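Undergrad: One file is attached below, query32.cif, containing mmCIF, C-alpha atoms.
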```cif
data_protein
#
loop_
_atom_site.group_PDB
_atom_site.id
_atom_site.type_symbol
_atom_site.label_atom_id
_atom_site.label_comp_id
_atom_site.auth_asym_id
_atom_site.auth_seq_id
_atom_site.Cartn_x
_atom_site.Cartn_y
_atom_site.Cartn_z
ATOM 1 C CA MET V 1 5.294 14.758 -5.420
ATOM 2 C CA SER V 2 8.498 12.738 -5.059
ATOM 3 C CA GLU V 3 11.162 12.883 -7.734
ATOM 4 C CA ARG V 4 10.510 10.703 -10.770
ATOM 5 C CA LEU V 5 12.531 7.519 -11.174
ATOM 6 C CA ASN V 6 14.260 6.790 -14.467
ATOM 7 C CA THR V 7 13.554 3.136 -15.254
ATOM 8 C CA GLU V 8 16.695 2.945 -17.386
ATOM 9 C CA ASP V 9 18.715 3.417 -14.196
ATOM 10 C CA LEU V 10 16.817 0.814 -12.156
ATOM 11 C CA ASN V 11 18.158 -2.418 -13.645
ATOM 12 C CA ARG V 12 19.037 -4.908 -10.876
ATOM 13 C CA THR V 13 17.964 -2.458 -8.188
ATOM 14 C CA VAL V 14 15.892 -3.676 -5.243
ATOM 15 C CA PHE V 15 13.555 -1.215 -3.527
ATOM 16 C CA ILE V 16 11.941 -2.134 -0.212
ATOM 17 C CA SER V 17 8.763 -0.150 0.273
ATOM 18 C CA ASP V 18 5.034 -0.054 -0.184
ATOM 19 C CA ASN V 19 4.674 -0.348 -3.944
ATOM 20 C CA LEU V 20 2.116 2.478 -4.269
ATOM 21 C CA PRO V 21 4.433 5.457 -3.594
ATOM 22 C CA PHE V 22 7.108 3.696 -5.644
ATOM 23 C CA LEU V 23 4.773 3.238 -8.616
ATOM 24 C CA GLU V 24 3.713 6.872 -8.407
ATOM 25 C CA ARG V 25 7.318 7.870 -9.137
ATOM 26 C CA LEU V 26 7.511 5.896 -12.401
ATOM 27 C CA ASP V 27 6.794 7.384 -15.818
ATOM 28 C CA ASN V 28 3.808 6.396 -17.912
ATOM 29 C CA GLU V 29 4.252 3.268 -20.049
ATOM 30 C CA SER V 30 7.762 2.602 -18.778
ATOM 31 C CA VAL V 31 7.464 -0.991 -17.492
ATOM 32 C CA ASP V 32 7.445 -4.235 -19.497
ATOM 33 C CA LEU V 33 6.416 -6.737 -16.835
ATOM 34 C CA VAL V 34 4.733 -6.669 -13.423
ATOM 35 C CA VAL V 35 4.472 -9.733 -11.181
ATOM 36 C CA ILE V 36 2.511 -9.034 -8.013
ATOM 37 C CA ASP V 37 1.992 -11.368 -5.064
ATOM 38 C CA PRO V 38 -0.067 -9.200 -2.699
ATOM 39 C CA PRO V 39 -1.813 -10.055 0.558
ATOM 40 C CA PHE V 40 -4.732 -12.372 -0.109
ATOM 41 C CA GLY V 41 -7.359 -10.677 2.053
ATOM 42 C CA LYS V 42 -7.578 -13.665 4.387
ATOM 43 C CA THR V 43 -8.667 -11.643 7.469
ATOM 44 C CA GLN V 44 -5.994 -13.340 9.558
ATOM 45 C CA THR V 45 -2.916 -12.344 11.500
ATOM 46 C CA PHE V 46 0.214 -14.211 10.470
ATOM 47 C CA VAL V 47 3.178 -14.590 12.799
ATOM 48 C CA GLY V 48 6.498 -15.876 11.526
ATOM 49 C CA LYS V 49 10.060 -16.317 12.649
ATOM 50 C CA LEU V 50 12.395 -13.396 12.217
ATOM 51 C CA ARG V 51 16.019 -13.512 11.216
ATOM 52 C CA PRO V 52 18.588 -13.791 14.020
ATOM 53 C CA PRO V 53 18.999 -10.750 16.288
ATOM 54 C CA LEU V 54 20.453 -7.727 14.503
ATOM 55 C CA THR V 55 23.974 -6.637 15.224
ATOM 56 C CA ASP V 56 24.508 -3.010 16.188
ATOM 57 C CA GLY V 57 25.638 -2.226 12.638
ATOM 58 C CA GLU V 58 22.663 -3.974 11.031
ATOM 59 C CA PHE V 59 20.288 -2.250 13.418
ATOM 60 C CA ARG V 60 21.769 1.149 12.531
ATOM 61 C CA VAL V 61 21.322 0.459 8.797
ATOM 62 C CA GLU V 62 17.696 -0.592 9.361
ATOM 63 C CA ARG V 63 16.998 2.556 11.359
ATOM 64 C CA GLU V 64 18.575 4.765 8.690
ATOM 65 C CA LEU V 65 16.408 3.097 6.043
ATOM 66 C CA MET V 66 13.278 3.675 8.120
ATOM 67 C CA ASP V 67 14.280 7.296 8.684
ATOM 68 C CA SER V 68 14.576 7.783 4.914
ATOM 69 C CA TRP V 69 10.921 6.694 4.620
ATOM 70 C CA GLY V 70 9.815 9.070 7.365
ATOM 71 C CA VAL V 71 9.240 6.200 9.817
ATOM 72 C CA TYR V 72 10.650 7.245 13.174
ATOM 73 C CA ASP V 73 8.877 5.061 15.731
ATOM 74 C CA PRO V 74 6.700 1.929 16.042
ATOM 75 C CA ALA V 75 3.498 3.983 15.736
ATOM 76 C CA SER V 76 4.450 5.474 12.364
ATOM 77 C CA ALA V 77 5.690 2.060 11.218
ATOM 78 C CA TYR V 78 2.247 0.655 11.999
ATOM 79 C CA GLU V 79 0.669 3.292 9.750
ATOM 80 C CA PHE V 80 2.925 2.072 6.927
ATOM 81 C CA GLY V 81 1.966 -1.524 7.671
ATOM 82 C CA ILE V 82 5.527 -2.555 8.507
ATOM 83 C CA GLU V 83 7.415 -3.692 11.586
ATOM 84 C CA TYR V 84 9.722 -1.227 13.291
ATOM 85 C CA PRO V 85 13.218 -2.766 13.574
ATOM 86 C CA ASP V 86 14.436 -4.043 16.897
ATOM 87 C CA GLN V 87 17.308 -6.229 17.988
ATOM 88 C CA THR V 88 15.380 -9.035 19.628
ATOM 89 C CA GLY V 89 15.096 -11.281 16.584
ATOM 90 C CA THR V 90 11.956 -12.969 17.885
ATOM 91 C CA THR V 91 8.891 -12.933 15.628
ATOM 92 C CA ALA V 92 7.272 -10.769 12.977
ATOM 93 C CA LYS V 93 3.554 -10.181 12.611
ATOM 94 C CA PHE V 94 1.552 -9.331 9.515
ATOM 95 C CA GLU V 95 -2.123 -8.479 9.756
ATOM 96 C CA ASP V 96 -3.986 -9.443 6.591
ATOM 97 C CA ILE V 97 -7.029 -7.719 8.081
ATOM 98 C CA TRP V 98 -8.838 -4.876 6.328
ATOM 99 C CA ASN V 99 -10.953 -2.211 8.004
ATOM 100 C CA PHE V 100 -13.124 -0.143 5.661
ATOM 101 C CA ARG V 101 -13.561 2.797 8.019
ATOM 102 C CA ARG V 102 -9.835 3.049 8.728
ATOM 103 C CA LEU V 103 -8.465 2.429 5.232
ATOM 104 C CA VAL V 104 -11.006 3.917 2.830
ATOM 105 C CA PHE V 105 -11.494 7.673 2.521
ATOM 106 C CA GLU V 106 -14.612 9.211 1.010
ATOM 107 C CA ASP V 107 -12.681 11.840 -0.963
ATOM 108 C CA ASP V 108 -10.607 9.108 -2.598
ATOM 109 C CA LEU V 109 -13.735 7.124 -3.391
ATOM 110 C CA GLU V 110 -15.350 10.161 -4.984
ATOM 111 C CA ARG V 111 -12.308 10.699 -7.205
ATOM 112 C CA LEU V 112 -12.327 7.025 -8.097
ATOM 113 C CA LYS V 113 -15.995 7.287 -9.056
ATOM 114 C CA GLN V 114 -15.079 9.958 -11.595
ATOM 115 C CA THR V 115 -11.961 8.313 -13.024
ATOM 116 C CA HIS V 116 -12.726 4.577 -12.768
ATOM 117 C CA PRO V 117 -16.477 4.123 -12.245
ATOM 118 C CA ALA V 118 -16.392 0.355 -12.807
ATOM 119 C CA ALA V 119 -13.841 -0.062 -10.010
ATOM 120 C CA TRP V 120 -15.916 2.224 -7.787
ATOM 121 C CA TRP V 121 -19.009 0.091 -8.372
ATOM 122 C CA LEU V 122 -17.027 -3.064 -7.641
ATOM 123 C CA ILE V 123 -15.873 -1.748 -4.258
ATOM 124 C CA HIS V 124 -19.398 -0.802 -3.248
ATOM 125 C CA SER V 125 -20.968 -4.012 -4.501
ATOM 126 C CA THR V 126 -18.342 -6.018 -2.609
ATOM 127 C CA ARG V 127 -19.549 -4.426 0.629
ATOM 128 C CA TYR V 128 -22.972 -5.955 0.012
ATOM 129 C CA THR V 129 -22.056 -9.271 -1.591
ATOM 130 C CA HIS V 130 -19.161 -10.104 0.729
ATOM 131 C CA SER V 131 -18.043 -7.757 3.516
ATOM 132 C CA ASP V 132 -16.654 -4.333 4.361
ATOM 133 C CA GLY V 133 -13.281 -5.953 4.994
ATOM 134 C CA THR V 134 -13.040 -7.473 1.522
ATOM 135 C CA ALA V 135 -14.237 -4.184 0.017
ATOM 136 C CA ALA V 136 -11.397 -2.402 1.829
ATOM 137 C CA TYR V 137 -8.970 -4.999 0.481
ATOM 138 C CA ILE V 138 -10.237 -4.476 -3.078
ATOM 139 C CA TYR V 139 -9.894 -0.716 -2.593
ATOM 140 C CA PHE V 140 -6.267 -1.281 -1.531
ATOM 141 C CA MET V 141 -5.679 -3.356 -4.666
ATOM 142 C CA VAL V 142 -7.512 -0.951 -6.990
ATOM 143 C CA GLN V 143 -5.237 1.919 -5.963
ATOM 144 C CA ARG V 144 -2.167 -0.082 -6.895
ATOM 145 C CA MET V 145 -3.539 -1.639 -10.064
ATOM 146 C CA ILE V 146 -4.491 1.763 -11.448
ATOM 147 C CA GLU V 147 -0.866 2.819 -11.068
ATOM 148 C CA ILE V 148 0.368 -0.460 -12.551
ATOM 149 C CA ARG V 149 -1.901 0.117 -15.550
ATOM 150 C CA ARG V 150 -0.456 3.599 -15.957
ATOM 151 C CA VAL V 151 3.201 2.529 -15.890
ATOM 152 C CA LEU V 152 2.753 -0.626 -17.981
ATOM 153 C CA LYS V 153 3.678 -0.399 -21.642
ATOM 154 C CA ALA V 154 1.045 -1.198 -24.256
ATOM 155 C CA THR V 155 3.000 -4.391 -24.972
ATOM 156 C CA GLY V 156 3.535 -5.153 -21.272
ATOM 157 C CA SER V 157 2.122 -7.940 -19.119
ATOM 158 C CA VAL V 158 0.947 -8.237 -15.530
ATOM 159 C CA TYR V 159 0.614 -11.390 -13.439
ATOM 160 C CA LEU V 160 -1.470 -11.299 -10.249
ATOM 161 C CA HIS V 161 -1.221 -14.161 -7.752
ATOM 162 C CA CYS V 162 -4.238 -14.730 -5.501
ATOM 163 C CA ASP V 163 -6.211 -17.515 -3.872
ATOM 164 C CA HIS V 164 -9.867 -18.409 -3.350
ATOM 165 C CA GLU V 165 -10.468 -15.735 -0.707
ATOM 166 C CA ALA V 166 -10.930 -12.898 -3.192
ATOM 167 C CA ASN V 167 -10.019 -14.165 -6.664
ATOM 168 C CA ALA V 168 -13.543 -13.571 -8.021
ATOM 169 C CA TYR V 169 -13.417 -9.922 -6.957
ATOM 170 C CA LEU V 170 -9.831 -9.479 -8.146
ATOM 171 C CA ARG V 171 -10.781 -10.844 -11.566
ATOM 172 C CA GLN V 172 -13.528 -8.222 -11.817
ATOM 173 C CA MET V 173 -11.080 -5.560 -10.656
ATOM 174 C CA MET V 174 -8.612 -6.518 -13.379
ATOM 175 C CA ASP V 175 -11.412 -6.447 -15.958
ATOM 176 C CA ALA V 176 -12.452 -2.982 -14.756
ATOM 177 C CA ILE V 177 -8.939 -1.529 -14.942
ATOM 178 C CA PHE V 178 -7.286 -3.396 -17.821
ATOM 179 C CA GLY V 179 -10.355 -4.383 -19.831
ATOM 180 C CA ALA V 180 -11.909 -7.847 -19.925
ATOM 181 C CA ARG V 181 -10.648 -8.465 -23.459
ATOM 182 C CA ASN V 182 -7.060 -8.139 -22.275
ATOM 183 C CA LEU V 183 -7.235 -11.229 -20.060
ATOM 184 C CA ARG V 184 -4.873 -13.776 -21.584
ATOM 185 C CA ASN V 185 -5.219 -16.640 -19.137
ATOM 186 C CA GLU V 186 -6.336 -17.680 -15.680
ATOM 187 C CA ILE V 187 -3.640 -20.040 -14.470
ATOM 188 C CA SER V 188 -4.371 -22.640 -11.799
ATOM 189 C CA TRP V 189 -1.399 -23.273 -9.540
ATOM 190 C CA ARG V 190 -1.810 -26.535 -7.659
ATOM 191 C CA ARG V 191 -0.245 -26.586 -4.209
ATOM 192 C CA ASN V 192 0.902 -29.752 -2.464
ATOM 193 C CA GLU V 193 1.282 -28.461 1.062
ATOM 194 C CA SER V 194 1.453 -31.846 2.728
ATOM 195 C CA GLY V 195 4.119 -33.151 0.373
ATOM 196 C CA ALA V 196 2.085 -36.331 -0.111
ATOM 197 C CA LYS V 197 1.346 -37.789 -3.515
ATOM 198 C CA GLY V 198 -2.092 -38.753 -4.755
ATOM 199 C CA SER V 199 -5.436 -37.180 -3.912
ATOM 200 C CA GLN V 200 -5.419 -33.876 -2.036
ATOM 201 C CA HIS V 201 -9.102 -34.172 -1.116
ATOM 202 C CA ALA V 202 -10.433 -34.787 2.373
ATOM 203 C CA PRO V 203 -12.882 -37.705 2.782
ATOM 204 C CA LYS V 204 -15.935 -35.427 2.842
ATOM 205 C CA SER V 205 -14.822 -32.360 0.874
ATOM 206 C CA TRP V 206 -12.909 -31.225 -2.174
ATOM 207 C CA GLY V 207 -9.336 -30.154 -1.530
ATOM 208 C CA ASN V 208 -8.620 -26.428 -1.299
ATOM 209 C CA ASN V 209 -5.190 -26.658 -2.865
ATOM 210 C CA VAL V 210 -5.186 -24.348 -5.893
ATOM 211 C CA ASP V 211 -4.101 -20.715 -6.186
ATOM 212 C CA THR V 212 -4.857 -18.524 -9.193
ATOM 213 C CA ILE V 213 -2.576 -16.381 -11.329
ATOM 214 C CA LEU V 214 -4.393 -13.833 -13.485
ATOM 215 C CA PHE V 215 -2.432 -12.991 -16.651
#
```
What does this structure look like when you write it as structure tokens?

TA:
Amino acid sequence: MSERLNTEDLNRTVFISDNLPFLERLDNESVDLVVIDPPFGKTQTFVGKLRPPLTDGEFRVERELMDSWGVYDPASAYEFGIEYPDQTGTTAKFEDIWNFRRLVFEDDLERLKQTHPAAWWLIHSTRYTHSDGTAAYIYFMVQRMIEIRRVLKATGSVYLHCDHEANAYLRQMMDAIFGARNLRNEISWRRNESGAKGSQHAPKSWGNNVDTILF
């Protein structure tokens, strides 16, 4: 187990990592507010522009940071779900694709069945009502939300941003972990991707232009 982090010493500190091992280092009921904007489970690969090519100094700093995480080559970076630093400055790729056989382990599921049976049932039912991929995504989210529930104070709040791809399953997940009575609001966030005013609906369909924030 990694050394515990003292939240009193973390003010204005930015950590770059998978949030699960970071959360595991926080004390129980030590956090006032969590805002999470996770992958949406869209089963797509996204490619975006990178920053300009790294200088030698910047590249060295990036490598040292990766080394501190135990990431020493592109293969181990892939296991962490991150890009290994290079100096080309071309593109970055993120795979919002979820494979049940690769990401979900039976021993972990069995432990989850004992500790959070409602979440366990949700993962299995999602395999039948939607897909193995979405079930793997919900499993990924359940692991992190259990830790968020542990570190959140009794007076704390959590906001979860999602879209139509999995919001129904994420709502059930939040109910299973935090309790349905603790839902304060389901906020609709209207997007205007085209920048145009007026109706966002296509001639023969309703517009898909709203994200959800679960509070």

Undergrad: Any chance you could work out the residue set of the PyMOL selection byres ((chain V and resi 143-145) around 10) here, as number ranges by chain?

TA: V: 18-21, 23-24, 36, 108, 112, 119, 138-142, 146-151, 158, 160, 173-174, 177-178

Undergrad: Using all atoms listed in the file for the distances, tell me which of V:Leu183, V:Asp175, V:Leu54, V:Leu214 is nearest to His116 (chain V).

TA: V:Asp175

Undergrad: Which residue, V:Leu26, V:Leu122, V:Val104, V:Ile97, has the smallest gap to Glu3 (chain V) when you use only C-alpha atoms?

TA: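 Closest residue, counting only C-alpha atoms: V:Leu26.
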
Undergrad: Could you pull the residues within 10 Å of Asp32 (chain V), counting only C-alpha atoms, minus those fewer than 4 positions along the same chain, as a ChimeraX atom specification?

TA: /V:151-158

Undergrad: In Å to one decimal, how far is CA of Gln114 (chain V) from CA of Asp27 (chain V)?

TA: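 Taking CA of Asp27 (chain V) as the start and CA of Gln114 (chain V) as the end point, the length is 22.4 Å.
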
Undergrad: Work out how far CA of His161 (chain V) is from CA of Val35 (chain V), in Å to one decimal.

TA: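 It comes out at 8.0 Å.
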
Undergrad: When you count all atoms listed in the file, which of these residues is closest to Ile213 (chain V): V:Leu5, V:Cys162, V:Ala77, V:Ile16?

TA: V:Cys162

Undergrad: Record the distance separating CA of Gly133 (chain V) and CA of Thr43 (chain V), expressed in Å with one decimal.

TA: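 Atom-to-atom, CA of Gly133 (chain V) and CA of Thr43 (chain V) are spaced 7.7 Å apart.
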
Undergrad: Using only C-alpha atoms, which residues sit within 8 Å of Ile123 (chain V) once same-chain residues fewer than 2 positions away are excluded, as number ranges by chain?

TA: V: 119-121, 125-127, 135-136, 138-139

Undergrad: Looking at V:Asp56, V:Ala166, V:Gln172, V:Tyr72, which one is nearest to Thr212 (chain V), with distances taken over all atoms listed in the file?

TA: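 That would be V:Ala166, the residue with the smallest distance to Thr212 (chain V).
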
Undergrad: Please enclose the listed atoms of region 58-72 of chain V in an axis-aligned box, pad each side by 4 Å, and write out the centre and the three edge lengths in Å, rounded to one decimal, as lines of an AutoDock Vina configuration file.

TA:
```
center_x = 16.0
center_y = 2.5
center_z = 9.0
size_x = 21.4
size_y = 21.0
size_z = 16.8
```

Undergrad: Counting only C-alpha atoms, which of V:Tyr128, V:Ser17, V:Glu165, V:Arg191 gets nearest to Ser68 (chain V)?

TA: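 Looking only at the distances to Ser68 (chain V), the closest residue turns out to be V:Ser17.
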
Undergrad: Select, from V:Val61, V:Ala176, V:Val210, V:Leu170, the residue with the minimum atom-to-atom distance to Tyr137 (chain V), counting all atoms listed in the file.

TA: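 Result for the nearest residue to Tyr137 (chain V): V:Leu170.
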